[in-house]
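Structure data follow from start-v3.cif (mmCIF, C-alpha atoms):
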```cif
data_input
loop_
_atom_site.label_atom_id
_atom_site.label_comp_id
_atom_site.auth_asym_id
_atom_site.auth_seq_id
_atom_site.Cartn_x
_atom_site.Cartn_y
_atom_site.Cartn_z
CA MET A 1 0.00 0.00 0.00
CA SER A 2 1.54 3.29 -1.06
CA GLY A 3 1.41 5.75 1.78
CA PRO A 4 -0.53 8.98 1.45
CA GLN A 5 2.75 10.89 1.90
CA ASN A 6 4.10 9.55 -1.40
CA SER A 7 0.99 10.25 -3.43
CA MET A 8 0.26 13.23 -5.63
CA ARG A 9 -3.45 12.52 -5.22
CA THR A 10 -5.59 14.36 -2.72
CA PRO A 11 -7.32 12.39 0.07
CA LEU A 12 -10.71 13.09 -1.57
CA GLY A 13 -9.47 11.86 -4.94
CA ARG A 14 -8.27 8.62 -3.37
CA VAL A 15 -11.59 7.74 -1.71
CA ARG A 16 -13.91 8.77 -4.53
CA HIS A 17 -15.78 5.82 -6.11
CA HIS A 18 -14.57 3.47 -3.36
CA GLY A 19 -17.50 4.01 -1.03
CA ALA A 20 -20.98 2.57 -0.78
CA SER A 21 -22.63 1.65 -4.06
CA GLY A 22 -25.74 3.61 -3.16
CA GLU A 23 -27.82 0.48 -3.87
CA GLY A 24 -28.04 -0.95 -0.36
CA THR A 25 -31.62 0.16 0.25
CA GLY A 26 -32.99 -2.36 -2.26
CA HIS A 27 -31.14 -5.17 -0.47
CA PHE A 28 -32.44 -3.96 2.90
CA ILE A 29 -36.06 -3.74 1.73
CA ALA A 30 -35.92 -7.12 -0.05
CA SER A 31 -34.55 -8.87 3.04
CA ARG A 32 -37.36 -7.29 5.11
CA TRP A 33 -40.30 -8.15 2.87
CA THR A 34 -39.08 -11.70 2.32
CA GLY A 35 -38.60 -12.02 6.09
CA ILE A 36 -42.15 -10.85 6.76
CA ALA A 37 -43.53 -13.30 4.19
CA LEU A 38 -41.47 -16.14 5.68
CA ALA A 39 -42.77 -15.33 9.17
CA VAL A 40 -46.10 -16.64 7.82
CA LEU A 41 -44.97 -19.28 5.28
CA ALA A 42 -42.33 -21.10 7.35
CA PRO A 43 -44.42 -21.78 10.49
CA TRP A 44 -47.38 -22.72 8.25
CA PHE A 45 -45.26 -25.35 6.47
CA VAL A 46 -43.56 -26.76 9.59
CA PHE A 47 -46.86 -27.09 11.46
CA ASN A 48 -48.79 -28.68 8.57
CA ALA A 49 -45.96 -30.91 7.36
CA ALA A 50 -45.29 -32.19 10.89
CA LEU A 51 -48.98 -33.03 11.34
CA SER A 52 -49.70 -34.62 7.97
CA ILE A 53 -46.49 -36.11 6.57
CA GLY A 54 -45.53 -39.49 7.99
CA PRO A 55 -43.09 -42.21 6.95
CA SER A 56 -45.24 -43.38 4.02
CA TYR A 57 -44.67 -42.16 0.46
CA THR A 58 -48.41 -41.61 -0.04
CA SER A 59 -48.54 -39.11 2.84
CA VAL A 60 -46.13 -36.70 1.12
CA ILE A 61 -47.90 -37.09 -2.25
CA ASP A 62 -51.29 -36.46 -0.59
CA PHE A 63 -49.82 -33.35 1.04
CA LEU A 64 -48.23 -31.93 -2.12
CA THR A 65 -51.24 -32.60 -4.37
CA ASP A 66 -53.47 -30.39 -2.24
CA PRO A 67 -53.55 -27.11 -4.27
CA VAL A 68 -53.15 -24.86 -1.23
CA ASN A 69 -50.17 -26.89 -0.02
CA ALA A 70 -48.59 -26.96 -3.50
CA ILE A 71 -48.87 -23.17 -3.89
CA GLY A 72 -47.67 -22.66 -0.31
CA VAL A 73 -44.61 -24.86 -0.82
CA ILE A 74 -43.74 -23.15 -4.14
CA LEU A 75 -44.05 -19.75 -2.44
CA LEU A 76 -41.97 -20.99 0.51
CA VAL A 77 -39.19 -22.21 -1.81
CA THR A 78 -39.19 -19.01 -3.89
CA VAL A 79 -39.27 -16.53 -1.02
CA SER A 80 -36.98 -18.46 1.35
CA PHE A 81 -34.31 -19.02 -1.32
CA TYR A 82 -34.38 -15.30 -2.19
CA HIS A 83 -34.08 -14.46 1.52
CA MET A 84 -31.20 -16.96 1.85
CA ALA A 85 -29.37 -15.47 -1.15
CA LEU A 86 -29.59 -11.99 0.42
CA GLY A 87 -28.53 -13.20 3.88
CA MET A 88 -25.64 -15.34 2.69
CA GLN A 89 -24.41 -12.45 0.53
CA GLU A 90 -24.16 -10.34 3.72
CA VAL A 91 -22.23 -13.11 5.48
CA ILE A 92 -19.85 -13.50 2.51
CA VAL A 93 -19.04 -9.79 2.21
CA ASP A 94 -18.52 -9.58 5.99
CA TYR A 95 -16.01 -12.43 6.30
CA ILE A 96 -14.42 -13.00 2.88
CA LEU A 97 -12.04 -10.23 1.88
CA LYS A 98 -10.11 -11.81 -1.02
CA PRO A 99 -11.83 -10.52 -4.18
CA PHE A 100 -11.60 -13.80 -6.14
CA THR A 101 -12.90 -15.98 -3.29
CA LYS A 102 -15.61 -13.44 -2.51
CA ILE A 103 -16.89 -13.22 -6.09
CA THR A 104 -16.70 -17.02 -6.51
CA LEU A 105 -18.74 -17.63 -3.36
CA MET A 106 -21.27 -14.96 -4.32
CA LEU A 107 -21.73 -16.52 -7.77
CA LEU A 108 -22.03 -19.99 -6.20
CA ASN A 109 -24.61 -18.60 -3.75
CA GLY A 110 -26.68 -17.09 -6.55
CA PHE A 111 -26.39 -19.88 -9.13
CA GLY A 112 -26.60 -22.73 -6.60
CA LEU A 113 -29.77 -21.42 -4.96
CA THR A 114 -31.40 -20.63 -8.33
CA VAL A 115 -30.75 -24.15 -9.65
CA LEU A 116 -32.01 -25.81 -6.44
CA ALA A 117 -35.10 -23.59 -6.31
CA ALA A 118 -35.90 -24.44 -9.94
CA GLY A 119 -35.47 -28.15 -9.14
CA ALA A 120 -37.66 -27.93 -6.03
CA ILE A 121 -40.46 -26.00 -7.80
CA PHE A 122 -40.33 -28.41 -10.76
CA ALA A 123 -40.58 -31.29 -8.28
CA VAL A 124 -43.84 -29.89 -6.84
CA LEU A 125 -45.23 -29.40 -10.38
CA LEU A 126 -44.17 -32.94 -11.36
CA VAL A 127 -45.95 -34.43 -8.33
CA ASN A 128 -49.11 -32.57 -9.37
CA PHE A 129 -49.06 -32.80 -13.16
CA GLY A 130 -46.48 -35.52 -13.96
CA ALA A 131 -47.22 -38.83 -15.61
CA MET B 1 -3.92 16.84 5.73
CA ALA B 2 -0.62 17.78 7.33
CA GLY B 3 -0.39 16.64 10.93
CA ALA B 4 -2.99 13.88 10.59
CA PRO B 5 -2.00 10.81 12.64
CA SER B 6 -0.63 7.93 10.56
CA PRO B 7 -2.74 4.73 10.66
CA GLN B 8 -0.25 2.96 12.97
CA ASN B 9 -0.77 5.48 15.77
CA ARG B 10 -4.54 5.37 15.83
CA PRO B 11 -6.13 3.97 19.01
CA LEU B 12 -7.46 0.43 18.60
CA SER B 13 -10.87 -0.52 19.89
CA PRO B 14 -10.90 -3.41 22.38
CA HIS B 15 -11.24 -6.68 20.52
CA VAL B 16 -13.81 -9.48 20.94
CA SER B 17 -11.73 -11.50 23.40
CA ILE B 18 -11.96 -8.97 26.21
CA TRP B 19 -15.73 -8.47 26.02
CA ARG B 20 -18.04 -9.96 28.61
CA TRP B 21 -20.88 -11.84 26.91
CA HIS B 22 -24.10 -9.84 26.76
CA VAL B 23 -27.41 -11.40 25.80
CA THR B 24 -27.79 -8.83 23.01
CA MET B 25 -24.37 -9.88 21.66
CA ALA B 26 -25.39 -13.54 21.83
CA SER B 27 -28.71 -12.75 20.13
CA SER B 28 -26.93 -11.07 17.23
CA ILE B 29 -24.45 -13.93 16.77
CA LEU B 30 -27.23 -16.52 17.10
CA HIS B 31 -29.28 -14.74 14.42
CA ARG B 32 -26.48 -15.18 11.90
CA ALA B 33 -25.62 -18.72 13.07
CA THR B 34 -29.25 -19.89 12.85
CA GLY B 35 -29.55 -18.18 9.45
CA VAL B 36 -26.59 -20.16 8.11
CA ALA B 37 -27.95 -23.37 9.70
CA LEU B 38 -31.37 -22.79 8.11
CA TYR B 39 -29.63 -22.24 4.75
CA GLY B 40 -28.29 -25.79 5.07
CA ALA B 41 -31.70 -27.10 6.16
CA ALA B 42 -33.38 -25.43 3.17
CA LEU B 43 -30.99 -27.22 0.80
CA VAL B 44 -32.10 -30.53 2.36
CA PHE B 45 -35.72 -29.35 2.02
CA ALA B 46 -35.20 -28.81 -1.75
CA LEU B 47 -33.59 -32.26 -2.09
CA TRP B 48 -36.47 -33.76 -0.11
CA LEU B 49 -39.03 -32.25 -2.55
CA MET B 50 -37.04 -33.60 -5.51
CA ALA B 51 -36.85 -37.02 -3.86
CA ALA B 52 -40.65 -36.96 -3.41
CA ALA B 53 -41.05 -36.25 -7.15
CA ALA B 54 -38.50 -38.92 -8.08
CA GLY B 55 -40.54 -41.68 -6.44
CA PRO B 56 -40.62 -43.96 -3.38
CA GLU B 57 -37.26 -45.59 -4.14
CA MET B 58 -35.58 -42.17 -3.65
CA TYR B 59 -37.94 -40.80 -1.02
CA GLU B 60 -38.12 -43.70 1.44
CA PRO B 61 -34.36 -43.95 2.18
CA LEU B 62 -34.23 -40.16 2.77
CA MET B 63 -37.27 -40.38 5.06
CA ALA B 64 -35.63 -43.27 6.93
CA VAL B 65 -32.70 -40.95 7.70
CA LEU B 66 -34.95 -38.03 8.72
CA LEU B 67 -37.10 -40.27 10.94
CA SER B 68 -34.15 -42.02 12.59
CA PRO B 69 -33.31 -40.81 16.14
CA LEU B 70 -30.40 -38.72 14.83
CA GLY B 71 -32.54 -37.31 12.00
CA GLN B 72 -35.28 -36.40 14.47
CA VAL B 73 -32.79 -34.59 16.72
CA ALA B 74 -31.55 -32.70 13.64
CA LEU B 75 -35.12 -31.79 12.58
CA TYR B 76 -36.02 -30.53 16.08
CA LEU B 77 -32.81 -28.47 16.10
CA VAL B 78 -33.88 -27.00 12.73
CA VAL B 79 -37.27 -26.14 14.27
CA ALA B 80 -35.44 -24.46 17.19
CA ALA B 81 -33.22 -22.51 14.77
CA LEU B 82 -36.28 -21.47 12.75
CA ALA B 83 -38.16 -20.38 15.90
CA TYR B 84 -35.16 -18.32 17.04
CA HIS B 85 -34.59 -16.72 13.63
CA LEU B 86 -38.33 -15.94 13.39
CA ALA B 87 -38.58 -14.37 16.87
CA ASN B 88 -35.33 -12.44 16.51
CA GLY B 89 -36.27 -11.41 12.95
CA ILE B 90 -39.49 -9.85 14.29
CA ARG B 91 -37.36 -8.21 17.01
CA HIS B 92 -35.20 -6.70 14.27
CA LEU B 93 -38.28 -5.46 12.39
CA VAL B 94 -39.27 -3.64 15.59
CA PHE B 95 -35.71 -2.30 15.92
CA ASP B 96 -36.00 -0.99 12.33
CA THR B 97 -38.79 1.33 13.47
CA GLY B 98 -36.44 2.70 16.14
CA ALA B 99 -38.35 1.11 19.02
CA GLY B 100 -37.00 -1.27 21.67
CA LEU B 101 -33.36 -0.27 21.33
CA ASN B 102 -32.75 0.77 24.95
CA PRO B 103 -30.70 -1.78 26.96
CA GLY B 104 -33.62 -2.96 29.10
CA ASP B 105 -35.98 -3.72 26.20
CA ALA B 106 -33.21 -5.13 23.99
CA ASP B 107 -32.10 -7.55 26.76
CA LEU B 108 -35.66 -8.62 27.55
CA THR B 109 -36.62 -9.29 23.91
CA ALA B 110 -33.32 -11.14 23.31
CA TRP B 111 -34.12 -13.48 26.23
CA PHE B 112 -37.64 -13.90 24.86
CA ALA B 113 -36.29 -14.98 21.45
CA ILE B 114 -33.98 -17.55 23.10
CA LEU B 115 -36.82 -18.84 25.29
CA PHE B 116 -39.10 -19.05 22.22
CA ALA B 117 -36.47 -21.18 20.43
CA VAL B 118 -36.50 -23.63 23.35
CA ALA B 119 -40.29 -23.64 23.77
CA VAL B 120 -41.35 -24.17 20.14
CA PRO B 121 -39.64 -27.56 19.51
CA ILE B 122 -40.85 -28.80 22.91
CA GLY B 123 -44.37 -27.58 22.06
CA LEU B 124 -44.29 -29.24 18.64
CA TRP B 125 -43.03 -32.49 20.15
CA ALA B 126 -45.78 -32.39 22.78
CA LEU B 127 -48.39 -31.69 20.12
CA LEU B 128 -47.22 -34.59 17.95
CA THR B 129 -46.88 -36.98 20.90
CA PHE B 130 -49.92 -36.12 23.00
CA GLY B 131 -52.07 -34.10 20.60
CA GLY B 132 -53.84 -37.11 19.13
CA LEU B 133 -54.11 -35.28 15.79
CA GLN B 134 -52.63 -38.03 13.65
#
```

Show me this structure written as structure tokens.
Amino acid sequence: MSGPQNSMRTPLGRVRHHGASGEGTGHFIASRWTGIALAVLAPWFVFNAALSIGPSYTSVIDFLTDPVNAIGVILLVTVSFYHMALGMQEVIVDYILKPFTKITLMLLNGFGLTVLAAGAIFAVLLVNFGA
Amino acid sequence: MAGAPSPQNRPLSPHVSIWRWHVTMASSILHRATGVALYGAALVFALWLMAAAAGPEMYEPLMAVLLSPLGQVALYLVVAALAYHLANGIRHLVFDTGAGLNPGDADLTAWFAILFAVAVPIGLWALLTFGGLQ
């Protein structure tokens, strides 16, 4: 790191464009509204799944083929995975300082969750409309 | 900025190791820890849905793991983590309005969130065991 003493640049010139992106509010609001939605969706799923899904395969199929449950589970997957992507992004930028590792983990977070969410939603559709 | 102190001479704030544990500190750390744990649980949840779509030959072995004693302990811990993250998340929504930030309220609500995380899995277990709903 070249010391400020050796630089021709002014302190203001050095810090310009290295500050906040000015886009944090969107992240903040998204993590809040997804959190509020999950405060309803998550307890709903845990309570109903615990009561109606047993060891048998038919119990899970019966549960997922109920339209309200199918829509609820698809909403739960969509909203929770979005919430998780936002939260894990915060954790990554807090602890990982190396740019390459940080960007790799952030891409893995985004791509990984998107692929798994697509798989999970397709699974619910397949149970309902599959052969 | 002539005369500004060089970075080496700046006073350092006391680091984590010398802090006494406060419940508000624990509640903040637990919020992140349970969030990361729930991230892992949600990945299993997605795999569980895909196993259900794939058929009984995929679903039943996974269910055998989840219903084994160790799997049940894990699931109840997930319920505890979810209950904590839910209660503390609501606490943070209240904080966002500027309310409840004084030490007394913040301590009390932090203890409530921890108590809630203990009570919910016990309540769910009691409901499933003695509720007679199945």

**OP:** Give as a PyMOL selection string the residues that the PyMOL selection byres ((chain A and resi 59-65) around 10) matches when applied to the coordinates above.
**Re:** (chain A and resi 48-49+52-58+66-73+123-129) or (chain B and resi 49+52-53+55+59)

Subject >> One-decimal distance in Å that lies between atom CA of A:Gln89 and atom CA of A:Leu108 >> reply: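 A separation of 10.4 Å between them.
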
**OP:** List the residues selected by the PyMOL selection byres ((chain B and resi 66-68) around 12) in the file shown, writing them as a list in words.
**Re:**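 Listing what the PyMOL selection byres ((chain B and resi 66-68) around 12) selects in the shown file: Ala50, Ile53, Gly54, Pro55 and Ser56 of chain A; Ala41, Val44, Phe45, Trp48, Tyr59, Glu60, Pro61, Leu62, Met63, Ala64, Val65, Pro69, Leu70, Gly71, Gln72, Val73, Ala74, Leu75, Tyr76 and Val78 of chain B.
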
Near chain A, meaning an atom within 9 Å, which residues of chain B appear when counting all atoms listed in the file? Write them as a JSON list (two decimals) with C-alpha atoms, keeping the file's coordinate frame.
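part.json written:
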```
[["chain", "number", "residue", "atom", "x", "y", "z"],
["B", 1, "MET", "CA", -3.92, 16.84, 5.73],
["B", 32, "ARG", "CA", -26.48, -15.18, 11.90],
["B", 35, "GLY", "CA", -29.55, -18.18, 9.45],
["B", 36, "VAL", "CA", -26.59, -20.16, 8.11],
["B", 38, "LEU", "CA", -31.37, -22.79, 8.11],
["B", 39, "TYR", "CA", -29.63, -22.24, 4.75],
["B", 42, "ALA", "CA", -33.38, -25.43, 3.17],
["B", 43, "LEU", "CA", -30.99, -27.22, 0.80],
["B", 45, "PHE", "CA", -35.72, -29.35, 2.02],
["B", 46, "ALA", "CA", -35.20, -28.81, -1.75],
["B", 47, "LEU", "CA", -33.59, -32.26, -2.09],
["B", 48, "TRP", "CA", -36.47, -33.76, -0.11],
["B", 49, "LEU", "CA", -39.03, -32.25, -2.55],
["B", 50, "MET", "CA", -37.04, -33.60, -5.51],
["B", 51, "ALA", "CA", -36.85, -37.02, -3.86],
["B", 52, "ALA", "CA", -40.65, -36.96, -3.41],
["B", 53, "ALA", "CA", -41.05, -36.25, -7.15],
["B", 54, "ALA", "CA", -38.50, -38.92, -8.08],
["B", 55, "GLY", "CA", -40.54, -41.68, -6.44],
["B", 56, "PRO", "CA", -40.62, -43.96, -3.38],
["B", 59, "TYR", "CA", -37.94, -40.80, -1.02],
["B", 60, "GLU", "CA", -38.12, -43.70, 1.44],
["B", 63, "MET", "CA", -37.27, -40.38, 5.06],
["B", 64, "ALA", "CA", -35.63, -43.27, 6.93],
["B", 67, "LEU", "CA", -37.10, -40.27, 10.94],
["B", 79, "VAL", "CA", -37.27, -26.14, 14.27],
["B", 82, "LEU", "CA", -36.28, -21.47, 12.75],
["B", 83, "ALA", "CA", -38.16, -20.38, 15.90],
["B", 86, "LEU", "CA", -38.33, -15.94, 13.39],
["B", 87, "ALA", "CA", -38.58, -14.37, 16.87],
["B", 89, "GLY", "CA", -36.27, -11.41, 12.95],
["B", 90, "ILE", "CA", -39.49, -9.85, 14.29],
["B", 93, "LEU", "CA", -38.28, -5.46, 12.39],
["B", 124, "LEU", "CA", -44.29, -29.24, 18.64],
["B", 127, "LEU", "CA", -48.39, -31.69, 20.12],
["B", 128, "LEU", "CA", -47.22, -34.59, 17.95],
["B", 133, "LEU", "CA", -54.11, -35.28, 15.79],
["B", 134, "GLN", "CA", -52.63, -38.03, 13.65]]
```

Edge lengths and centre in Å to one decimal, as lines of an AutoDock Vina configuration file, of the axis-aligned box that encloses all listed atoms of stretch 42-53 of chain A with 5 Å added on every side?
```
center_x = -46.0
center_y = -28.6
center_z = 9.0
size_x = 17.4
size_y = 25.0
size_z = 15.0
```

Subject >> Which residue of A:Leu97, A:Ile103, A:Ala37, A:Ile92 approaches A:Leu76 most closely, using all atoms listed in the file >> reply: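 Selected residue with least distance to A:Leu76: A:Ala37.
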
Original post:
Got a sec to resolve the PyMOL selection byres ((chain B and resi 91) around 10) on this structure and send the residues as a PyMOL selection string?
Top reply: chain B and resi 85-90+92-96+99-101+106+109-110+112-113

Original post:
Could you state the separation of atom CA of B:Ala80 and atom CA of B:Pro121 in Å, given to one decimal place?
Top reply: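 We find that atom CA of B:Ala80 and atom CA of B:Pro121 lie 5.7 Å from each other.
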
Original post:
If you measure from atom CA of A:Ile74 to atom CA of B:Ala37, what distance in Å do you get, rounded to one decimal?
Top reply: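 Separation between atom CA of A:Ile74 and atom CA of B:Ala37: 21.0 Å.
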
Subject >> Pick from B:Ser27, B:Ser17, B:Thr129, B:Thr97, whichever lies nearest to B:Ile114 using all atoms listed in the file >> reply: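 For B:Ile114, the nearest of the given residues is B:Ser27.
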
Original post:
Using all atoms listed in the file, which residue out of B:Ser13, B:Leu115, B:Arg20, B:Gly40 lies closest to A:Asn109?
Top reply: B:Gly40
